[in-house]
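First comes the structure, then the notes that go with it.
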Amino acid sequence: MTGGRRLSRPRRRGSAYLIVLSVSVMLVLIGTASLAGWRVRMRTTTLEQEWNEAGVLATSAVDQALVDLASDPWWRTVNKEYENAFSPEVPFHRGWLSWRYEDLVDNSLDDNDADPLRIHGRGRIGVSTRVYSVIAWPTGETLDVLRTAIHAGADLDANGVLDVRGGPASANDVLTCDQLLGDVEAATVTTPGNVSGSITTPAPAKQMPSAAIWSLYKVLAVNIPFGVLAPSATIEDVIVSPGNNPYRPDDRSVDGLYHIKVPGFTTLRIQDCRIEGTLLIELSPSAKLLIDPGVLWRPARLDFPALIVYTKSDDSTDVDITCSGTLDELAAGVNFNPAHTPYYGAADADLGDTYAASIDGVIHVIRDLAAPTRKTTIDAENRITGCIIADGDIETLGGSIVVADPSLLSRPPLGYTTKRDTINLLVNGDMEAGLAGWSAVGNPTVLVSEGGAHSGAKRITVKDRGSASHGLRQDVTVQVTSGTIHLADMWLRMDDNPEDVEIALEIDSSGEGTQWFTVVAPLVAKDDWTRVNVEITPTWTGTLNFARLVITTTTTNQDFRIDDALLTAPNGPPSATLVTIPGTWRADSANP
């Protein structure tokens, strides 16, 4: 037997290398994936941050637009180009702002100062762009008509006994009454012996609320299709409120604001129901609205009216409002103070309550016509408290009781205010009073009042000037203040060629004698109205002998025209006051 050693096989080192290589590749892949994931997360985080910042920029753009409008008395004219397109972008922080305007009444920004508008603000940062908007309403002083208990845009005819409390019965034209307990204000009172209170006649016509109010509230309202009221076409045995829309339960208005359009040759009846909200009733030609007994009604919001009726037709569009009787839960089979709509904070689950019918708040009948002939009829045995306002004639029946609400003057419903007027230091700045307040500078300069105005009916044409230094002026001695910035703002047109104009304050004082504070405004156009606005800061010491605003040209003696001139002090009240409407903010558009 032959012995020997067993030879061992060499170890396979290649396998270990492959394992190490595989692990290394896996680690590299994991690291690469982690890095890619980190980059994705960072990119996502950046996009989310830019998206959020773009939203902030969009709301900031709306705020900036509001500031710009408040400081410019001619904002409706000069921003006309931004009705259908956004303004040029303005840099802000890391992004850009721009805005545009939308007239909510007739899509024409410059035709009516009272129209509400929607302001759209756009914010852009990186690849993110967002747009937000809000409705704004021009506002100022409370309309005097809210001081009255009842006011007719034309005639008020009180049949039977009309009991007026807390404010006058008022008519812009003729008031006639069988017996009126209370005060009266009208252009003419035909039966003064039948009035127990004070009589103011001829009283100046009161400004009626703008028909634009309808457009604003309609934008905010939830629609109730008339078809869901069929077949009776009656609102009866129901509660209408922010918490309850009996006709479309899933479509409620948080403000209790509902719109109903009544088809032609149809009558809508409202009776034996409770309304805690605002109804907008739109009457088609030959449609009617009848509010019958047993109605318990007040607005859900103190800054909203109770009822607005609107029609553009004069064909049988009668509005008859009765406030009488009771609302009986047992008879109706309806609990009128449930948990979703308590009555003055009280709610229950039974049918044991009975309520005296009442209507509280502003009732406003808008007849959007030049001279309406249809009338509004009021029969209020149970009193109506607030203010009844109607275009055209009003007739009251029987023993009606209407009571003014003094809180309306301090807290008017949205839209029931006048537009704030810019405080103009000039007399007859709109030129509507001819040449009043203005005089010629230089001989033989002639001033002519004529048509073809920038706005309104009249302008002034400055003619036959002997030199460029001739023009027109107005004495402003009482109005100006030393050391104060004054803004001169006006519209001009040249007859022959574009030319620069000079706007100056000529100041004569005991301290310095005569001084000229002059600013040159470039290139007023020919055959087109050009806005000129400059800042002038006059200073003097001693006694001011006189101050004059003087407008001339720089080069030629050509004729020129002027209209809508303002002289204001920037530290005064804003030129316009726009209030944003709560609940009208919305996101208009966005990109991922």
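Just remember, in the structure tokens the first chain shown is A, the second B, etc., residues are 1-based per chain, and ligands are 1-based in the order shown.
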*Using DSSP on the backbone coordinates, identify all residues within segment 180-405 of chain A classified as helix (DSSP H, G or I); present the result as a list in words.*
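DSSP-assigned helix (DSSP H, G or I) residues in segment 180-405 of chain A: Pro192, Gly193, Asn194, Ala212, Ile213, Trp214, Ser215, Leu216, Tyr217, Lys218, Val219, Leu220, Phe226, Gly227, Val228, Leu229, Glu329, Leu330, Ala331 and Ala332 of chain A.
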Keeping only C-alpha atoms, write the selected residues as a PDB file, in the first residue's frame.
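Output contents, as saved in out.pdb:
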ATOM      1  CA  PRO A 192    -101.851 118.912   4.629  1.00  0.00           C
ATOM      2  CA  GLY A 193    -104.890 119.127   6.913  1.00  0.00           C
ATOM      3  CA  ASN A 194    -104.948 115.328   7.173  1.00  0.00           C
ATOM      4  CA  ALA A 212     -76.719  98.159  -9.259  1.00  0.00           C
ATOM      5  CA  ILE A 213     -77.570  96.800  -5.806  1.00  0.00           C
ATOM      6  CA  TRP A 214     -79.513  94.057  -7.541  1.00  0.00           C
ATOM      7  CA  SER A 215     -76.483  92.837  -9.479  1.00  0.00           C
ATOM      8  CA  LEU A 216     -74.356  92.619  -6.344  1.00  0.00           C
ATOM      9  CA  TYR A 217     -76.827  90.638  -4.274  1.00  0.00           C
ATOM     10  CA  LYS A 218     -77.682  88.351  -7.187  1.00  0.00           C
ATOM     11  CA  VAL A 219     -74.021  87.366  -7.541  1.00  0.00           C
ATOM     12  CA  LEU A 220     -73.990  86.379  -3.864  1.00  0.00           C
ATOM     13  CA  PHE A 226     -89.222  78.625  -9.805  1.00  0.00           C
ATOM     14  CA  GLY A 227     -90.150  75.139 -10.977  1.00  0.00           C
ATOM     15  CA  VAL A 228     -89.563  73.627  -7.533  1.00  0.00           C
ATOM     16  CA  LEU A 229     -92.381  75.820  -6.191  1.00  0.00           C
ATOM     17  CA  GLU A 329     -97.341  75.931  14.082  1.00  0.00           C
ATOM     18  CA  LEU A 330    -100.193  73.528  14.772  1.00  0.00           C
ATOM     19  CA  ALA A 331    -102.289  74.786  11.867  1.00  0.00           C
ATOM     20  CA  ALA A 332     -99.335  74.611   9.502  1.00  0.00           C
TER      21      ALA A 332
END
Counting only C-alpha atoms, give me one row per residue of segment 523-560 of chain A with an atom at most 9 Å from an atom of segment 441-446 of chain A, showing the shortest contact pair and its distance in Å to one decimal, sorted by chain then residue number, as a tab-separated table.
residue	atom	partner	partner_atom	distance
A:Val550	CA	A:Val441	CA	8.0
A:Ile551	CA	A:Val441	CA	8.8
A:Thr552	CA	A:Val441	CA	8.6
*DSSP on the backbone, then: every residue of segment 277-515 of chain A marked strand (DSSP E), written as a PyMOL selection string.*
chain A and resi 278-283+288-291+295-298+307-311+319-322+326-328+354-356+358-367+375-379+384-390+393-396+399-404+439-441+446-450+459-463+471-475+486-494+499-509+513-515
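Contact shell of Lys206 of chain A at 9 Å (only C-alpha atoms; same-chain neighbours under 3 positions omitted): Leu143, Asp144, Val145, His151, Gly153, Ser170, Ala171, Asn172 and Ala203 of chain A.
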How would the residues just picked look written out with C-alpha atoms as a PDB file, in the first residue's frame?
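This is the output file part16.pdb:
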ATOM      1  CA  LEU A 143     -78.478 107.281   1.985  1.00  0.00           C
ATOM      2  CA  ASP A 144     -80.883 109.731   3.615  1.00  0.00           C
ATOM      3  CA  VAL A 145     -83.796 107.605   2.447  1.00  0.00           C
ATOM      4  CA  HIS A 151     -90.400 106.415   0.754  1.00  0.00           C
ATOM      5  CA  GLY A 153     -89.607 107.469  -5.699  1.00  0.00           C
ATOM      6  CA  SER A 170     -91.710 110.533   2.233  1.00  0.00           C
ATOM      7  CA  ALA A 171     -92.257 111.006  -1.489  1.00  0.00           C
ATOM      8  CA  ASN A 172     -90.089 112.549  -4.172  1.00  0.00           C
ATOM      9  CA  ALA A 203     -88.657 118.715   0.360  1.00  0.00           C
TER      10      ALA A 203
END
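Distances to Gln515 of chain A were evaluated for A:Trp438, A:Trp540, A:Trp491, A:Trp137 using only C-alpha atoms, and the minimum falls at A:Trp540.
Pairwise distance (atom CA of Leu290 of chain A, atom CA of Val319 of chain A) equals 6.2 Å.
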Report as a PDB file with C-alpha atoms, in the first residue's frame all protein, DNA and RNA residues lying within 6 Å of Thr326 of chain A, evaluated on only C-alpha atoms, omitting residues in the same chain fewer than 2 positions from it.
ATOM      1  CA  GLY A 294     -99.030  84.976   8.325  1.00  0.00           C
ATOM      2  CA  TYR A 355     -96.365  84.081  16.283  1.00  0.00           C
ATOM      3  CA  ALA A 356     -97.798  87.451  15.323  1.00  0.00           C
ATOM      4  CA  ALA A 357     -96.889  88.145  11.707  1.00  0.00           C
TER       5      ALA A 357
END
